[in-house]
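Q: One structure follows; several queries about it will come next.
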Amino acid sequence: MNNTNYNTIYNITPPDRIDVSLKPPSSKSISNRVLVINALSGNVFPIQNLSDSDDTRVMIDAFNTDNTTVDIGAAGTAMRFLTAYFAQTDGVRILTGSERMKNRPVKILADSLRSIGGEIEYLEKEGFPPLKITGHRLQGGNISLDGSVSSQYISALMMIAPMMNNGLTIDLEGQVVSFPYIIMTARLMELFGVKPKIYDNSIQISQQQYVPRAFSVESDWTGASYWYEIASLAKCEVNITISDLRKNSLQGDSKVAELFYPLGVITTFTDSGVKLQNIRDRTLPVFLEYDFTDEPDLVQTMAVTACMLGIPFRFSGLQSLRIKETDRIFALQTELKKLGYILSTERDNLLEWKGERCEPEHLPVIATYDDHRMALAFAPACLYIDKIHIAEPQVVSKSYPSFWNDLKKAGFKISLRKHQ
């Protein structure tokens with residue numbers, strides 16, 4: 001095993017049985033939206049059960065600091081939401097981040113804000129952070145936005161729209177990705193007294209006032225998806241209880257319960273959450289085909305699971321994966337090849353495995369590319385290959401800081417191997 005390029009590696013081996021109760025992190029998607037809305041409403045009530053993820057911590061720090069420069073590290077959601085928030089809020093801010101963040105485009109959002117009165121300057125490279133934002137009340141009006149790149153641009157504009165002099169109408173062009181996240185934003189705005197109007201390709205938000213209210217954040221369905229993967233891949237009997245997951249969730253990734261049913265995972269909803277059990281004498285599908293336009297954060301979970309189970313697949317709707325924490329399509333192809341699976345891609349929105357195999361590496365180390373979801377999705381693969389090695393495992397702090405402790409609680413053995 002070659003660990004020359006890594007500072008830290010976790011060696012993970014599976015348990016003989018899995019019977020565990022746990023609470024995944026609170027939803028960072030909800031947490032980060034409610035932080036913006038709460039601030040715009042006057043911040044009377046503290047938000048309960050906020051996510052302890054890196055992405056949410058940098059948002060909290062940004063709202064609590066008097067510093068002109070705000071560094072959000074690798075938090076893409078924070079970059080998009082704070083760009084809009086600071087553009088609408090009096091004061092001058094420098095918004096910056098990690099080197100990867102400085103190469104993640106923000107031009108579509110910045111240009112949209114400029115068109116309705118925002119003052120935003122690019123301090124290094126045109127179209128990318130860091131940004132100098134001179135905030136003031138925006139005029140609003142009408143804008144057109146490419147909905148095929150990132151729903152976070154749309155959500156960022158939606159949340160500040162009620163504060164604009166003329167409100168805002170957003171006309172969406174192209175296929176809108178991650179539409180459930182737009183619905184999540186709208187429903188959260190409604191809970192705080194603002195009523196967006198959403199049509200097929202248009203969002204209309206008049207000038208309104210947010211109403212402060214108490215709010216508690218539900219658990220993260222995306223974080224729970226890795227336990228669905230564990231339940232599906234486990235060769236032993238599984239009983240997993242996950243608290244505070246809601247059937248009628250604000251989160252689009254609650255779709256994971258439906259996606260994993262044909263992969264042998266039964267979900268039972270209770271008053272306090274869900275119980276997962278596996279069907280060991282199941283008949284698996286011979287092929288999986290699914291459009292992940294609405295649930296792009298589940299792609300890594302599903303791709304690793306399908307390969308381990310030997311199910312060829314064709315996944316589409318992946319156009320936003322190239323501009324995530326890493327190029328997730330490339331990362332999946334590279335790391336699954338280490339395990340013996342050859343994936344192919346067409347354009348930027350499709351990934352498939354036709355069943356083609358290659359010789360797996362001896363004791364492969366899974367690189368994580370500063371992407372939390374690479375570590376989270378690949379760790380359960382040890383259930384099928386007996387042991388897996390995850391490089392730079394600390395990346396899970398971005399969304400699921402307690403993941404390794406939860407794995408240990410479930411009986412997984414985790415040992416640390418440091419760079420020599």
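Labeling convention for the structure tokens: chains A, B, ... as they appear, residues from 1 per chain, ligands from 1 in order of appearance.
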Each residue of region 173-259 of chain A with at least one atom at most 10 Å from region 377-382 of chain A should appear once, together with its nearest atom pair and the corresponding distance in Å (one decimal); atoms considered: only C-alpha atoms; ordering: chain, then increasing residue number; output as a tab-separated table.

A:
```
residue	atom	partner	partner_atom	distance
A:Gly223	CA	A:Ala377	CA	9.9
A:Ser225	CA	A:Ala377	CA	8.7
A:Tyr226	CA	A:Ala377	CA	6.2
A:Trp227	CA	A:Pro380	CA	8.3
A:Tyr228	CA	A:Pro380	CA	9.7
A:Glu229	CA	A:Pro380	CA	6.7
A:Ile230	CA	A:Pro380	CA	5.5
A:Ala231	CA	A:Pro380	CA	9.2
A:Ser232	CA	A:Pro380	CA	9.6
A:Leu233	CA	A:Ala381	CA	7.4
A:Ala234	CA	A:Pro380	CA	8.7
```

Q: As a PDB file with C-alpha atoms, in the first residue's frame, please: every residue in region 170-266 of chain A that a backbone DSSP assignment puts in helix (DSSP H, G or I).

A:
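Wrote result.pdb, looks like this:
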```
ATOM      1  CA  PHE A 179     -35.045  21.457  -7.810  1.00  0.00           C
ATOM      2  CA  PRO A 180     -35.980  19.996  -4.375  1.00  0.00           C
ATOM      3  CA  TYR A 181     -33.445  22.385  -2.839  1.00  0.00           C
ATOM      4  CA  ILE A 182     -35.322  25.317  -4.389  1.00  0.00           C
ATOM      5  CA  ILE A 183     -38.544  23.963  -2.912  1.00  0.00           C
ATOM      6  CA  MET A 184     -36.751  23.594   0.439  1.00  0.00           C
ATOM      7  CA  THR A 185     -35.731  27.257   0.285  1.00  0.00           C
ATOM      8  CA  ALA A 186     -39.282  28.325  -0.566  1.00  0.00           C
ATOM      9  CA  ARG A 187     -40.804  26.271   2.257  1.00  0.00           C
ATOM     10  CA  LEU A 188     -38.350  27.683   4.797  1.00  0.00           C
ATOM     11  CA  MET A 189     -39.107  31.215   3.614  1.00  0.00           C
ATOM     12  CA  GLU A 190     -42.825  30.473   4.078  1.00  0.00           C
ATOM     13  CA  LEU A 191     -42.195  29.300   7.634  1.00  0.00           C
ATOM     14  CA  TRP A 221     -30.971  12.593   4.996  1.00  0.00           C
ATOM     15  CA  THR A 222     -27.782  12.771   2.920  1.00  0.00           C
ATOM     16  CA  GLY A 223     -25.773  11.778   5.989  1.00  0.00           C
ATOM     17  CA  ALA A 224     -28.206   8.917   6.534  1.00  0.00           C
ATOM     18  CA  SER A 225     -27.583   7.674   2.977  1.00  0.00           C
ATOM     19  CA  TYR A 226     -24.260   6.144   4.043  1.00  0.00           C
ATOM     20  CA  TRP A 227     -26.131   3.991   6.578  1.00  0.00           C
ATOM     21  CA  TYR A 228     -28.455   2.865   3.815  1.00  0.00           C
ATOM     22  CA  GLU A 229     -25.326   1.894   1.879  1.00  0.00           C
ATOM     23  CA  ILE A 230     -24.052  -0.018   4.917  1.00  0.00           C
ATOM     24  CA  ALA A 231     -27.383  -1.813   5.298  1.00  0.00           C
ATOM     25  CA  SER A 232     -27.360  -2.796   1.629  1.00  0.00           C
ATOM     26  CA  LEU A 233     -23.749  -4.024   1.534  1.00  0.00           C
ATOM     27  CA  GLY A 252     -35.043  16.032  -1.393  1.00  0.00           C
ATOM     28  CA  ASP A 253     -32.460  13.419  -0.425  1.00  0.00           C
ATOM     29  CA  SER A 254     -35.129  11.634   1.623  1.00  0.00           C
ATOM     30  CA  LYS A 255     -35.549   9.906  -1.766  1.00  0.00           C
ATOM     31  CA  VAL A 256     -32.750   7.604  -0.559  1.00  0.00           C
ATOM     32  CA  ALA A 257     -35.297   5.413   1.249  1.00  0.00           C
ATOM     33  CA  GLU A 258     -37.006   4.679  -2.052  1.00  0.00           C
ATOM     34  CA  LEU A 259     -33.765   4.239  -4.000  1.00  0.00           C
ATOM     35  CA  TYR A 261     -35.544  -0.489  -1.351  1.00  0.00           C
ATOM     36  CA  PRO A 262     -34.701  -2.535  -4.484  1.00  0.00           C
ATOM     37  CA  LEU A 263     -31.186  -2.872  -3.053  1.00  0.00           C
TER      38      LEU A 263
END
```

Q: Quick one: pull the distance between CA of Asp146 (chain A) and CA of Phe313 (chain A), Å, one decimal.

A: 28.5 Å

Q: Please extract the residues of region 78-152 of chain A with a backbone DSSP assignment of strand (DSSP E) and present them as a ChimeraX atom specification.

A: /A:91-96,119-122,131-135,141-146

Q: Emit the selected residues as a PDB file, in the first residue's frame, including C-alpha atoms.

A:
```pdb
ATOM      1  CA  GLY A  91     -21.050  47.315   4.634  1.00  0.00           C
ATOM      2  CA  VAL A  92     -17.953  46.244   2.742  1.00  0.00           C
ATOM      3  CA  ARG A  93     -16.808  42.600   2.840  1.00  0.00           C
ATOM      4  CA  ILE A  94     -14.005  40.608   1.250  1.00  0.00           C
ATOM      5  CA  LEU A  95     -15.297  37.067   0.715  1.00  0.00           C
ATOM      6  CA  THR A  96     -12.589  34.487   0.112  1.00  0.00           C
ATOM      7  CA  GLU A 119     -21.557  46.133  -6.215  1.00  0.00           C
ATOM      8  CA  ILE A 120     -19.201  43.150  -6.576  1.00  0.00           C
ATOM      9  CA  GLU A 121     -15.566  43.176  -7.688  1.00  0.00           C
ATOM     10  CA  TYR A 122     -13.353  40.194  -8.536  1.00  0.00           C
ATOM     11  CA  LEU A 131     -14.872  38.997  -4.045  1.00  0.00           C
ATOM     12  CA  LYS A 132     -15.097  42.538  -2.737  1.00  0.00           C
ATOM     13  CA  ILE A 133     -18.748  43.193  -1.952  1.00  0.00           C
ATOM     14  CA  THR A 134     -20.074  46.668  -1.147  1.00  0.00           C
ATOM     15  CA  GLY A 135     -23.472  45.957   0.321  1.00  0.00           C
ATOM     16  CA  GLY A 141     -36.642  43.606 -10.611  1.00  0.00           C
ATOM     17  CA  ASN A 142     -36.325  40.871 -13.213  1.00  0.00           C
ATOM     18  CA  ILE A 143     -33.378  38.606 -13.969  1.00  0.00           C
ATOM     19  CA  SER A 144     -32.770  35.516 -16.098  1.00  0.00           C
ATOM     20  CA  LEU A 145     -30.630  32.726 -14.669  1.00  0.00           C
ATOM     21  CA  ASP A 146     -29.201  29.480 -16.024  1.00  0.00           C
TER      22      ASP A 146
END
```

Q: Skip Phe403 (chain A) itself and residues of its chain fewer than 5 positions away, then list as a list of chain:residue names all residues within 10 Å of it, counting only C-alpha atoms.

A: A:Pro24, A:Pro25, A:Gly223, A:Tyr226, A:Ala375, A:Leu376, A:Pro393, A:Gln394, A:Val396, A:Ser397, A:Lys408, A:Lys409

Q: Which residues of region 203-305 of chain A sit at most 9 Å from region 41-51 of chain A, using only C-alpha atoms? Give each one's shortest atom pair and distance in Å (one decimal place), in chain and ascending residue order, as a Markdown table.

A:
```
| residue | atom | partner | partner_atom | distance |
| --- | --- | --- | --- | --- |
| A:Gln209 | CA | A:Ser41 | CA | 7.3 |
| A:Tyr210 | CA | A:Ser41 | CA | 4.7 |
| A:Val211 | CA | A:Ser41 | CA | 5.7 |
| A:Pro212 | CA | A:Ser41 | CA | 5.3 |
| A:Arg213 | CA | A:Phe45 | CA | 6.2 |
| A:Ala214 | CA | A:Phe45 | CA | 5.5 |
| A:Phe215 | CA | A:Ile47 | CA | 5.4 |
| A:Ser216 | CA | A:Gln48 | CA | 4.4 |
| A:Val217 | CA | A:Asn49 | CA | 5.3 |
| A:Glu218 | CA | A:Asn49 | CA | 7.5 |
| A:Ser219 | CA | A:Ser51 | CA | 8.5 |
| A:Asp220 | CA | A:Ser51 | CA | 8.8 |
```

Q: List the neighbours of Val176 (chain A) out to 8 Å using only C-alpha atoms; skip same-chain residues closer than 6 positions along the sequence, and give me the result as a VMD selection string.

A: chain A and resid 146 to 149 151 293

Q: I want to know what sits within 8 Å of Tyr153 (chain A), based on only C-alpha atoms, with residues of the same chain fewer than 2 positions away left out; could you give that as a list in words?

A: Arg80, Phe81, Ile108, Leu109, Ser150, Ser151, Ser155, Ala156 and Leu157 of chain A

Q: Return the single residue from A:Leu172, A:Leu22, A:Cys358, A:Leu40 that is closest to Ile154 (chain A), with distances computed using only C-alpha atoms.

A: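 Once distances to Ile154 (chain A) are computed over only C-alpha atoms, the minimum belongs to A:Leu172.
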
Q: Rounded to one decimal in Å, what is the spacing between CA of Ile311 (chain A) and CA of Glu289 (chain A)?

A: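 Computing it gives 10.4 Å between the two atoms.
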
Q: Hey, what's within 12 Å of Phe315 (chain A) if we count only C-alpha atoms and toss same-chain stuff fewer than 2 positions away? As a PyMOL selection string, please?

A: chain A and resi 287-293+295-296+298-300+302-303+306+312-313+317-319+321+329+343-346+348-354

Q: Go ahead and save the residues from that selection, with N, CA and C atoms, as an mmCIF file, in the first residue's frame.

A:
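And here's selection_20.cif as it stands now:
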```cif
data_model
loop_
_atom_site.group_PDB
_atom_site.id
_atom_site.type_symbol
_atom_site.label_atom_id
_atom_site.label_comp_id
_atom_site.auth_asym_id
_atom_site.auth_seq_id
_atom_site.Cartn_x
_atom_site.Cartn_y
_atom_site.Cartn_z
ATOM 1 N N PHE A 287 -29.972 -4.109 -13.494
ATOM 2 C CA PHE A 287 -29.470 -2.846 -14.047
ATOM 3 C C PHE A 287 -30.158 -1.705 -13.311
ATOM 4 N N LEU A 288 -29.413 -0.642 -13.054
ATOM 5 C CA LEU A 288 -29.978 0.550 -12.433
ATOM 6 C C LEU A 288 -29.859 1.731 -13.387
ATOM 7 N N GLU A 289 -30.943 2.450 -13.556
ATOM 8 C CA GLU A 289 -30.922 3.684 -14.353
ATOM 9 C C GLU A 289 -31.693 4.741 -13.601
ATOM 10 N N TYR A 290 -31.065 5.904 -13.419
ATOM 11 C CA TYR A 290 -31.719 6.944 -12.622
ATOM 12 C C TYR A 290 -31.172 8.311 -13.010
ATOM 13 N N ASP A 291 -32.053 9.305 -12.996
ATOM 14 C CA ASP A 291 -31.697 10.697 -13.255
ATOM 15 C C ASP A 291 -31.526 11.403 -11.911
ATOM 16 N N PHE A 292 -30.292 11.803 -11.599
ATOM 17 C CA PHE A 292 -29.977 12.409 -10.306
ATOM 18 C C PHE A 292 -30.008 13.933 -10.347
ATOM 19 N N THR A 293 -30.706 14.502 -11.324
ATOM 20 C CA THR A 293 -30.782 15.962 -11.411
ATOM 21 C C THR A 293 -31.255 16.570 -10.093
ATOM 22 N N GLU A 295 -31.146 15.006 -7.028
ATOM 23 C CA GLU A 295 -30.436 14.493 -5.833
ATOM 24 C C GLU A 295 -28.960 14.228 -6.135
ATOM 25 N N PRO A 296 -28.203 15.229 -6.602
ATOM 26 C CA PRO A 296 -26.818 14.971 -7.010
ATOM 27 C C PRO A 296 -25.902 14.495 -5.890
ATOM 28 N N LEU A 298 -26.391 12.225 -3.841
ATOM 29 C CA LEU A 298 -26.511 10.783 -3.618
ATOM 30 C C LEU A 298 -25.739 9.964 -4.646
ATOM 31 N N VAL A 299 -25.135 10.610 -5.628
ATOM 32 C CA VAL A 299 -24.499 9.869 -6.726
ATOM 33 C C VAL A 299 -23.355 8.993 -6.232
ATOM 34 N N GLN A 300 -22.472 9.540 -5.401
ATOM 35 C CA GLN A 300 -21.338 8.749 -4.932
ATOM 36 C C GLN A 300 -21.800 7.539 -4.123
ATOM 37 N N MET A 302 -24.641 5.906 -4.362
ATOM 38 C CA MET A 302 -25.275 4.922 -5.234
ATOM 39 C C MET A 302 -24.269 4.251 -6.163
ATOM 40 N N ALA A 303 -23.288 4.990 -6.653
ATOM 41 C CA ALA A 303 -22.304 4.411 -7.573
ATOM 42 C C ALA A 303 -21.453 3.360 -6.872
ATOM 43 N N ALA A 306 -23.672 0.248 -6.074
ATOM 44 C CA ALA A 306 -23.987 -0.553 -7.259
ATOM 45 C C ALA A 306 -22.780 -1.363 -7.713
ATOM 46 N N PRO A 312 -24.665 -3.247 -12.924
ATOM 47 C CA PRO A 312 -24.360 -2.191 -13.899
ATOM 48 C C PRO A 312 -25.384 -1.058 -13.795
ATOM 49 N N PHE A 313 -24.949 0.154 -14.139
ATOM 50 C CA PHE A 313 -25.843 1.298 -13.986
ATOM 51 C C PHE A 313 -25.573 2.353 -15.045
ATOM 52 N N GLY A 317 -28.062 13.237 -15.252
ATOM 53 C CA GLY A 317 -28.362 14.419 -14.460
ATOM 54 C C GLY A 317 -27.242 14.838 -13.538
ATOM 55 N N LEU A 318 -26.000 14.621 -13.971
ATOM 56 C CA LEU A 318 -24.841 14.849 -13.099
ATOM 57 C C LEU A 318 -24.106 16.146 -13.411
ATOM 58 N N GLN A 319 -24.736 17.070 -14.146
ATOM 59 C CA GLN A 319 -24.028 18.242 -14.642
ATOM 60 C C GLN A 319 -23.427 19.111 -13.551
ATOM 61 N N LEU A 321 -21.937 17.987 -10.859
ATOM 62 C CA LEU A 321 -20.885 17.277 -10.119
ATOM 63 C C LEU A 321 -19.480 17.729 -10.474
ATOM 64 N N ILE A 329 -17.226 13.270 -10.851
ATOM 65 C CA ILE A 329 -17.269 12.232 -11.881
ATOM 66 C C ILE A 329 -15.878 11.639 -12.082
ATOM 67 N N LEU A 343 -15.512 2.662 -15.050
ATOM 68 C CA LEU A 343 -16.688 3.471 -15.339
ATOM 69 C C LEU A 343 -16.419 4.354 -16.548
ATOM 70 N N SER A 344 -17.450 4.654 -17.298
ATOM 71 C CA SER A 344 -17.326 5.533 -18.458
ATOM 72 C C SER A 344 -18.276 6.708 -18.306
ATOM 73 N N THR A 345 -18.016 7.766 -19.062
ATOM 74 C CA THR A 345 -18.844 8.959 -18.972
ATOM 75 C C THR A 345 -19.092 9.512 -20.364
ATOM 76 N N GLU A 346 -20.236 10.139 -20.502
ATOM 77 C CA GLU A 346 -20.567 10.867 -21.722
ATOM 78 C C GLU A 346 -20.907 12.295 -21.325
ATOM 79 N N ASP A 348 -20.926 15.826 -19.605
ATOM 80 C CA ASP A 348 -20.738 16.127 -18.184
ATOM 81 C C ASP A 348 -21.896 15.653 -17.327
ATOM 82 N N ASN A 349 -22.869 14.978 -17.921
ATOM 83 C CA ASN A 349 -24.064 14.690 -17.137
ATOM 84 C C ASN A 349 -24.408 13.221 -17.042
ATOM 85 N N LEU A 350 -23.452 12.340 -17.411
ATOM 86 C CA LEU A 350 -23.774 10.919 -17.399
ATOM 87 C C LEU A 350 -22.571 10.092 -16.963
ATOM 88 N N LEU A 351 -22.839 9.101 -16.099
ATOM 89 C CA LEU A 351 -21.817 8.175 -15.632
ATOM 90 C C LEU A 351 -22.416 6.778 -15.672
ATOM 91 N N GLU A 352 -21.661 5.834 -16.221
ATOM 92 C CA GLU A 352 -22.208 4.480 -16.288
ATOM 93 C C GLU A 352 -21.131 3.428 -16.054
ATOM 94 N N TRP A 353 -21.613 2.292 -15.560
ATOM 95 C CA TRP A 353 -20.772 1.112 -15.425
ATOM 96 C C TRP A 353 -21.459 -0.024 -16.168
ATOM 97 N N LYS A 354 -20.780 -0.539 -17.168
ATOM 98 C CA LYS A 354 -21.351 -1.579 -18.024
ATOM 99 C C LYS A 354 -20.958 -2.982 -17.565
#
```
